[in-house]
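Asks: Structure file model31.pdb (PDB, C-alpha atoms and all ligand atoms) right here:
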```pdb
ATOM      1  CA  MET N  54      38.911  26.815  -6.554
ATOM      2  CA  ASN N  55      35.509  25.883  -7.721
ATOM      3  CA  PHE N  56      33.204  25.088  -4.817
ATOM      4  CA  LYS N  57      30.009  23.445  -5.813
ATOM      5  CA  VAL N  58      26.989  24.078  -3.645
ATOM      6  CA  PHE N  59      24.327  21.406  -3.683
ATOM      7  CA  MET N  60      20.878  22.683  -2.915
ATOM      8  CA  HIS N  61      18.053  20.260  -2.615
ATOM      9  CA  PHE N  62      14.452  21.010  -1.758
ATOM     10  CA  ILE N  63      13.127  18.967   1.186
ATOM     11  CA  SER N  64       9.725  20.239   2.192
ATOM     12  CA  ARG N  65       7.383  23.167   2.374
ATOM     13  CA  GLY N  66       4.980  23.230   5.293
ATOM     14  CA  ALA N  67       2.533  25.803   6.585
ATOM     15  CA  GLU N  68       5.281  27.598   8.480
ATOM     16  CA  ALA N  69       8.559  26.978   6.797
ATOM     17  CA  ILE N  70      10.446  25.911   3.730
ATOM     18  CA  LEU N  71      13.264  23.418   4.194
ATOM     19  CA  TYR N  72      16.157  22.599   1.949
ATOM     20  CA  LYS N  73      19.402  20.750   2.113
ATOM     21  CA  LYS N  74      22.552  22.675   1.348
ATOM     22  CA  ASN N  75      25.593  20.446   1.211
ATOM     23  CA  ASP N  76      25.425  18.526   4.517
ATOM     24  CA  PHE N  77      23.179  21.022   6.254
ATOM     25  CA  LEU N  78      19.497  21.487   6.577
ATOM     26  CA  ILE N  79      18.174  25.022   6.296
ATOM     27  CA  LYS N  80      14.789  25.817   7.787
ATOM     28  CA  LYS N  81      13.444  29.190   6.789
ATOM     29  CA  ARG N  82      10.190  30.504   8.203
ATOM     30  CA  ILE N  83       8.156  31.995   5.424
ATOM     31  CA  SER N  84       6.044  35.109   5.402
ATOM     32  CA  LYS N  85       2.304  34.769   5.714
ATOM     33  CA  GLY N  86       0.698  37.294   3.416
ATOM     34  CA  TYR N  87      -2.428  37.629   5.524
ATOM     35  CA  ARG N  88      -0.525  38.871   8.582
ATOM     36  CA  ILE N  89       0.506  42.507   8.825
ATOM     37  CA  LYS N  90       4.219  42.813   8.195
ATOM     38  CA  GLU N  91       5.319  43.874  11.677
ATOM     39  CA  LEU N  92       3.404  41.062  13.349
ATOM     40  CA  ASP N  93       4.543  38.576  10.717
ATOM     41  CA  ASN N  94       8.200  39.440  11.270
ATOM     42  CA  LYS N  95       7.761  39.361  15.035
ATOM     43  CA  LEU N  96       6.160  35.900  14.998
ATOM     44  CA  ARG N  97       8.676  34.422  12.577
ATOM     45  CA  LYS N  98      11.546  35.774  14.646
ATOM     46  CA  GLU N  99      10.078  34.525  17.931
ATOM     47  CA  ARG N 100       9.407  31.042  16.597
ATOM     48  CA  THR N 101      12.872  30.801  15.082
ATOM     49  CA  ILE N 102      14.430  31.823  18.406
ATOM     50  CA  ARG N 103      12.198  29.391  20.300
ATOM     51  CA  GLU N 104      13.062  26.488  18.028
ATOM     52  CA  ILE N 105      16.797  27.165  18.351
ATOM     53  CA  LYS N 106      16.553  27.477  22.122
ATOM     54  CA  LEU N 107      14.649  24.211  22.488
ATOM     55  CA  LEU N 108      16.985  22.334  20.123
ATOM     56  CA  VAL N 109      20.014  23.530  22.063
ATOM     57  CA  GLU N 110      18.408  22.813  25.461
ATOM     58  CA  SER N 111      17.338  19.347  24.320
ATOM     59  CA  LYS N 112      20.809  18.510  23.111
ATOM     60  CA  ARG N 113      22.288  19.766  26.381
ATOM     61  CA  ASN N 114      19.998  17.347  28.210
ATOM     62  CA  GLY N 115      21.034  14.364  26.147
ATOM     63  CA  VAL N 116      18.081  14.240  23.744
ATOM     64  CA  CYS N 117      18.987  13.187  20.224
ATOM     65  CA  VAL N 118      18.357  16.280  18.058
ATOM     66  CA  PRO N 119      20.153  17.795  15.056
ATOM     67  CA  THR N 120      22.984  20.120  16.073
ATOM     68  CA  VAL N 121      22.294  23.782  15.442
ATOM     69  CA  ILE N 122      25.099  25.119  13.259
ATOM     70  CA  GLU N 123      24.101  28.697  12.623
ATOM     71  CA  LYS N 124      21.253  31.117  13.171
ATOM     72  CA  ASP N 125      20.229  33.916  10.881
ATOM     73  CA  LEU N 126      17.437  35.732  12.685
ATOM     74  CA  LYS N 127      17.319  38.517  10.117
ATOM     75  CA  ASN N 128      16.201  35.988   7.541
ATOM     76  CA  PHE N 129      14.332  33.732  10.001
ATOM     77  CA  LYS N 130      16.684  30.861   9.188
ATOM     78  CA  ILE N 131      18.160  28.020  11.155
ATOM     79  CA  VAL N 132      21.063  26.051   9.747
ATOM     80  CA  MET N 133      21.305  22.638  11.376
ATOM     81  CA  GLU N 134      22.807  19.219  10.893
ATOM     82  CA  PHE N 135      21.030  17.257   8.181
ATOM     83  CA  VAL N 136      19.917  13.942   9.636
ATOM     84  CA  ASP N 137      20.281  11.486   6.807
ATOM     85  CA  GLY N 138      17.632   8.988   7.783
ATOM     86  CA  ASP N 139      13.972   8.159   7.345
ATOM     87  CA  VAL N 140      11.044  10.118   8.674
ATOM     88  CA  LEU N 141       9.637   7.718  11.254
ATOM     89  CA  ARG N 142       6.125   8.129   9.886
ATOM     90  CA  ASP N 143       7.163   6.392   6.639
ATOM     91  CA  VAL N 144       8.879   3.384   8.203
ATOM     92  CA  LEU N 145       7.309   2.727  11.587
ATOM     93  CA  ASP N 146       4.689   0.264  10.324
ATOM     94  CA  LYS N 147       7.286  -1.805   8.476
ATOM     95  CA  LEU N 148       9.772  -2.423  11.278
ATOM     96  CA  THR N 149      10.507  -5.816  12.789
ATOM     97  CA  LYS N 150       9.134  -6.370  16.262
ATOM     98  CA  LYS N 151      12.589  -6.204  17.781
ATOM     99  CA  ARG N 152      13.449  -2.873  16.163
ATOM    100  CA  LEU N 153      10.013  -1.497  16.948
ATOM    101  CA  ASN N 154      10.499  -2.295  20.632
ATOM    102  CA  MET N 155      13.898  -0.678  20.653
ATOM    103  CA  ILE N 156      12.625   2.441  18.924
ATOM    104  CA  CYS N 157       9.625   2.820  21.248
ATOM    105  CA  LYS N 158      11.987   2.535  24.210
ATOM    106  CA  ASN N 159      14.204   5.167  22.656
ATOM    107  CA  ILE N 160      11.220   7.519  22.170
ATOM    108  CA  GLY N 161       9.985   7.008  25.759
ATOM    109  CA  GLU N 162      13.435   7.721  27.160
ATOM    110  CA  SER N 163      13.870  10.824  25.004
ATOM    111  CA  ILE N 164      10.507  12.295  26.037
ATOM    112  CA  THR N 165      11.513  11.573  29.649
ATOM    113  CA  LYS N 166      14.689  13.625  29.205
ATOM    114  CA  MET N 167      12.756  16.491  27.603
ATOM    115  CA  HIS N 168      10.066  16.571  30.275
ATOM    116  CA  ASN N 169      12.551  16.307  33.130
ATOM    117  CA  ALA N 170      14.326  19.317  31.657
ATOM    118  CA  GLY N 171      11.030  21.210  31.396
ATOM    119  CA  ILE N 172      10.963  20.955  27.617
ATOM    120  CA  ILE N 173       7.556  20.482  26.016
ATOM    121  CA  HIS N 174       7.945  19.455  22.385
ATOM    122  CA  GLY N 175       4.491  20.627  21.377
ATOM    123  CA  ASP N 176       4.129  18.504  18.243
ATOM    124  CA  LEU N 177       5.143  14.930  18.982
ATOM    125  CA  THR N 178       4.175  13.252  15.717
ATOM    126  CA  THR N 179       6.142  10.620  13.812
ATOM    127  CA  SER N 180       6.659  13.218  11.032
ATOM    128  CA  ASN N 181       8.784  15.102  13.538
ATOM    129  CA  MET N 182      11.045  12.139  14.286
ATOM    130  CA  VAL N 183      13.808  10.958  11.975
ATOM    131  CA  LEU N 184      15.242   7.482  12.304
ATOM    132  CA  LYS N 185      18.932   7.162  11.575
ATOM    133  CA  ASN N 186      21.076   4.180  12.583
ATOM    134  CA  ASP N 187      18.518   3.054  15.171
ATOM    135  CA  HIS N 188      18.486   6.499  16.785
ATOM    136  CA  VAL N 189      15.366   8.623  16.801
ATOM    137  CA  TYR N 190      16.142  12.296  16.188
ATOM    138  CA  PHE N 191      13.523  14.784  17.321
ATOM    139  CA  ILE N 192      12.909  17.805  15.090
ATOM    140  CA  ASP N 193      10.412  20.650  14.692
ATOM    141  CA  PHE N 194      10.336  22.342  18.099
ATOM    142  CA  GLY N 195       8.600  25.404  16.660
ATOM    143  CA  LEU N 196       5.461  24.793  18.738
ATOM    144  CA  GLY N 197       7.376  23.826  21.840
ATOM    145  CA  LYS N 198       7.783  25.627  25.135
ATOM    146  CA  VAL N 199       9.552  25.537  28.453
ATOM    147  CA  SER N 200       7.253  24.419  31.248
ATOM    148  CA  ASP N 201       7.279  22.187  34.262
ATOM    149  CA  LYS N 202       3.508  21.880  34.441
ATOM    150  CA  ILE N 203       1.894  18.465  34.696
ATOM    151  CA  GLU N 204      -0.811  19.650  32.291
ATOM    152  CA  GLU N 205       1.672  20.598  29.542
ATOM    153  CA  LYS N 206       3.457  17.253  29.781
ATOM    154  CA  ALA N 207       0.163  15.375  29.688
ATOM    155  CA  VAL N 208      -0.947  17.356  26.627
ATOM    156  CA  ASP N 209       2.378  16.516  24.952
ATOM    157  CA  LEU N 210       1.636  12.796  25.466
ATOM    158  CA  HIS N 211      -1.971  13.258  24.403
ATOM    159  CA  LEU N 212      -0.890  14.783  21.088
ATOM    160  CA  LEU N 213       1.520  11.899  20.568
ATOM    161  CA  LYS N 214      -1.261   9.416  21.178
ATOM    162  CA  CYS N 215      -3.604  11.210  18.762
ATOM    163  CA  ALA N 216      -0.884  11.306  16.106
ATOM    164  CA  LEU N 217      -0.227   7.573  16.502
ATOM    165  CA  ILE N 218      -3.925   6.759  16.266
ATOM    166  CA  SER N 219      -4.310   8.800  13.116
ATOM    167  CA  LYS N 220      -1.141   7.728  11.262
ATOM    168  CA  HIS N 221      -0.407   4.224  12.577
ATOM    169  CA  ASN N 222      -3.873   2.963  13.223
ATOM    170  CA  LYS N 223      -3.062  -0.765  13.111
ATOM    171  CA  ILE N 224      -0.342  -0.721  15.745
ATOM    172  CA  TRP N 225      -0.816   2.522  17.660
ATOM    173  CA  ASP N 226      -1.846   0.811  20.902
ATOM    174  CA  ILE N 227       1.218  -1.426  21.120
ATOM    175  CA  ILE N 228       3.485   1.485  20.239
ATOM    176  CA  PHE N 229       1.956   3.883  22.732
ATOM    177  CA  LYS N 230       2.019   1.269  25.482
ATOM    178  CA  LYS N 231       5.710   0.573  24.849
ATOM    179  CA  ILE N 232       6.571   4.257  24.817
ATOM    180  CA  ILE N 233       4.766   4.825  28.117
ATOM    181  CA  GLU N 234       6.509   1.789  29.655
ATOM    182  CA  SER N 235       9.870   3.428  29.157
ATOM    183  CA  TYR N 236       8.636   6.935  29.941
ATOM    184  CA  SER N 237       9.805   7.676  33.463
ATOM    185  CA  ALA N 238       9.640  11.449  33.850
ATOM    186  CA  LYS N 239       9.348  12.750  37.381
ATOM    187  CA  GLY N 240       5.682  12.932  38.292
ATOM    188  CA  LYS N 241       4.879  10.157  35.817
ATOM    189  CA  GLU N 242       1.832   8.934  37.776
ATOM    190  CA  LYS N 243       0.337  12.425  37.969
ATOM    191  CA  ILE N 244       1.066  13.075  34.302
ATOM    192  CA  LEU N 245      -0.650   9.838  33.232
ATOM    193  CA  LYS N 246      -3.602  10.554  35.473
ATOM    194  CA  ARG N 247      -3.924  13.993  33.881
ATOM    195  CA  LEU N 248      -3.697  12.354  30.453
ATOM    196  CA  GLU N 249      -6.728  10.243  31.350
ATOM    197  CA  GLU N 250      -8.583  13.368  32.464
ATOM    198  CA  ILE N 251      -7.731  15.143  29.217
ATOM    199  CA  GLU N 252      -9.141  12.194  27.294
ATOM    200  CA  LYS N 253     -12.323  12.264  29.370
ATOM    201  CA  ARG N 254     -12.662  15.989  28.696
ATOM    202  CA  GLY N 255     -12.258  15.235  24.996
ATOM    203  CA  ARG N 256     -14.932  12.561  25.010
ATOM    204  CA  TYR N 257     -17.275  14.862  26.890
ATOM    205  CA  ALA N 258     -16.685  17.634  24.342
ATOM    206  CA  GLU N 259     -17.412  15.244  21.470
ATOM    207  CA  ARG N 260     -20.915  14.521  22.711
TER
HETATM  208  N1  LIG N 301      17.547  18.259  10.519
HETATM  209  C1  LIG N 301      16.861  17.582   9.595
HETATM  210  N2  LIG N 301      17.450  16.568   8.910
HETATM  211  C2  LIG N 301      16.772  15.893   7.961
HETATM  212  N3  LIG N 301      15.502  16.148   7.603
HETATM  213  C3  LIG N 301      14.855  17.152   8.235
HETATM  214  C4  LIG N 301      15.492  17.917   9.262
HETATM  215  N4  LIG N 301      14.615  18.833   9.711
HETATM  216  C5  LIG N 301      13.501  18.659   8.991
HETATM  217  N5  LIG N 301      13.622  17.653   8.101
HETATM  218  C6  LIG N 301      12.613  17.179   7.127
HETATM  219  O1  LIG N 301      11.739  18.244   6.791
HETATM  220  C7  LIG N 301      10.385  17.950   7.207
HETATM  221  C8  LIG N 301       9.732  19.203   7.757
HETATM  222  O2  LIG N 301      10.498  19.712   8.825
HETATM  223  P1  LIG N 301       9.835  20.303  10.136
HETATM  224  O3  LIG N 301      10.911  20.915  10.963
HETATM  225  O4  LIG N 301       9.002  19.256  10.739
HETATM  226  O5  LIG N 301       8.954  21.509   9.546
HETATM  227  P2  LIG N 301       7.379  21.754   9.455
HETATM  228  O6  LIG N 301       7.148  22.862  10.427
HETATM  229  O7  LIG N 301       7.152  22.152   8.038
HETATM  230  O8  LIG N 301       6.664  20.487   9.840
HETATM  231  C9  LIG N 301      10.523  16.825   8.218
HETATM  232  O9  LIG N 301       9.380  16.021   8.301
HETATM  233  C10 LIG N 301      11.733  16.080   7.694
HETATM  234  O10 LIG N 301      11.352  15.264   6.605
HETATM  235 MG    MG N 302       7.015  18.997  11.219
END
```
Re-express the file's structure as structure tokens.
Ligand SMILES: Nc1ncnc2c1ncn2[C@@H]1O[C@H](COP(=O)(O)OP(=O)(O)O)[C@@H](O)[C@H]1O
Ligand SMILES: [Mg+2]

Replies:
Amino acid sequence: MNFKVFMHFISRGAEAILYKKNDFLIKKRISKGYRIKELDNKLRKERTIREIKLLVESKRNGVCVPTVIEKDLKNFKIVMEFVDGDVLRDVLDKLTKKRLNMICKNIGESITKMHNAGIIHGDLTTSNMVLKNDHVYFIDFGLGKVSDKIEEKAVDLHLLKCALISKHNKIWDIIFKKIIESYSAKGKEKILKRLEEIEKRGRYAER
């Protein structure tokens, strides 16, 4: 039998190189030359483990994330389901109002599930969301953590807001408002109050 393997380069970021192999996505954390080898290996291993753990935990709590298929800690690799859709960053500004509303609702509900499960994504940008068949898949949990702290949840929302302002400047306010409308994590009021405080701190620091 002659099995053909299709490899296709997807992206190379600061941390990892990603490629598609048949129907799977492989994320391999790359070595950083400036770090000493032992530390470099330790960090790559820890972040790979953390990303797998948060993907699995998210899925268990009903968040739409790619399924983890295989881990290869020796090579700092995660093999996961390839989500054949569009990175939300590229399409968000072009959606109809109806779809935009639906997607914002979907995002708010997903962040609710994460936060209620004590999952902090850590990098909630639209580059880390893939839209497929009207479902938003969350990816890139490498900066995430497990925490039930109000502060961590507020920071998660703050980063989302900053990302929307910087990448979707014309519609960020409508989008953020819609997301927050459907965000209903326990402690919502406290989290939003803390978000305001974080923003005040930021403005103070800018002066
Ligand atoms: N499971 C996946 N299915 C499809 N595309 C993916 C998947 N995971 C990552 N990607 C693509 O690769 C890009 C980078 O992946 P990401 O995990 O965000 O790594 P980085 O740490 O480099 O930002 C994403 O923006 C997306 O385009
Ligand atoms: Mg990313």

Asks: List the residues selected by the PyMOL selection byres (((chain N and resi 228) around 12) and not hetatm) in the file shown, writing them as an MDAnalysis selection string.

Replies: chainID N and resid 145:146 148 150 152:161 179 213:214 216:218 220:227 229:235

Asks: Keeping only C-alpha atoms, write the selected residues as a JSON list (two decimals), in the coordinates of the input.

Replies:
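Once everything was written out, this is again21.json:
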```json
[["chain", "number", "residue", "atom", "x", "y", "z"],
["N", 145, "LEU", "CA", 7.31, 2.73, 11.59],
["N", 146, "ASP", "CA", 4.69, 0.26, 10.32],
["N", 148, "LEU", "CA", 9.77, -2.42, 11.28],
["N", 150, "LYS", "CA", 9.13, -6.37, 16.26],
["N", 152, "ARG", "CA", 13.45, -2.87, 16.16],
["N", 153, "LEU", "CA", 10.01, -1.50, 16.95],
["N", 154, "ASN", "CA", 10.50, -2.30, 20.63],
["N", 155, "MET", "CA", 13.90, -0.68, 20.65],
["N", 156, "ILE", "CA", 12.62, 2.44, 18.92],
["N", 157, "CYS", "CA", 9.62, 2.82, 21.25],
["N", 158, "LYS", "CA", 11.99, 2.54, 24.21],
["N", 159, "ASN", "CA", 14.20, 5.17, 22.66],
["N", 160, "ILE", "CA", 11.22, 7.52, 22.17],
["N", 161, "GLY", "CA", 9.98, 7.01, 25.76],
["N", 179, "THR", "CA", 6.14, 10.62, 13.81],
["N", 213, "LEU", "CA", 1.52, 11.90, 20.57],
["N", 214, "LYS", "CA", -1.26, 9.42, 21.18],
["N", 216, "ALA", "CA", -0.88, 11.31, 16.11],
["N", 217, "LEU", "CA", -0.23, 7.57, 16.50],
["N", 218, "ILE", "CA", -3.92, 6.76, 16.27],
["N", 220, "LYS", "CA", -1.14, 7.73, 11.26],
["N", 221, "HIS", "CA", -0.41, 4.22, 12.58],
["N", 222, "ASN", "CA", -3.87, 2.96, 13.22],
["N", 223, "LYS", "CA", -3.06, -0.76, 13.11],
["N", 224, "ILE", "CA", -0.34, -0.72, 15.74],
["N", 225, "TRP", "CA", -0.82, 2.52, 17.66],
["N", 226, "ASP", "CA", -1.85, 0.81, 20.90],
["N", 227, "ILE", "CA", 1.22, -1.43, 21.12],
["N", 229, "PHE", "CA", 1.96, 3.88, 22.73],
["N", 230, "LYS", "CA", 2.02, 1.27, 25.48],
["N", 231, "LYS", "CA", 5.71, 0.57, 24.85],
["N", 232, "ILE", "CA", 6.57, 4.26, 24.82],
["N", 233, "ILE", "CA", 4.77, 4.82, 28.12],
["N", 234, "GLU", "CA", 6.51, 1.79, 29.66],
["N", 235, "SER", "CA", 9.87, 3.43, 29.16]]
```

Asks: Can you tell me, as a PyMOL selection string, what residues are no more than 6 Å from region 182-196 of chain N when counting all atoms listed in the file, ignoring any on the same chain fewer than 6 positions away?

Replies: chain N and resi 100+104+117-118+138-141+174-175

Asks: Since I can't run it myself right now, could you work out what the PyMOL selection byres (((chain N and resi 123-127) around 9) and not hetatm) selects here and report it as JSON, numbers by chain?

Replies: {"N": [97, 98, 101, 102, 105, 121, 122, 128, 129, 130, 131, 132, 133]}

Asks: Please indicate the distance in Å from atom N4 of ligand LIG 301 (chain N) to CA of Phe135 (chain N), rounded to one decimal place.

Replies: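 Going from atom N4 of ligand LIG 301 (chain N) over to CA of Phe135 (chain N), I get 6.8 Å.
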
Asks: Can you turn the PyMOL selection byres (((not hetatm)) within 8 of (chain N and resi 302)) into a concrete residue list for this file, as a PyMOL selection string?

Replies: chain N and resi 66+176+178+180-181+192-193
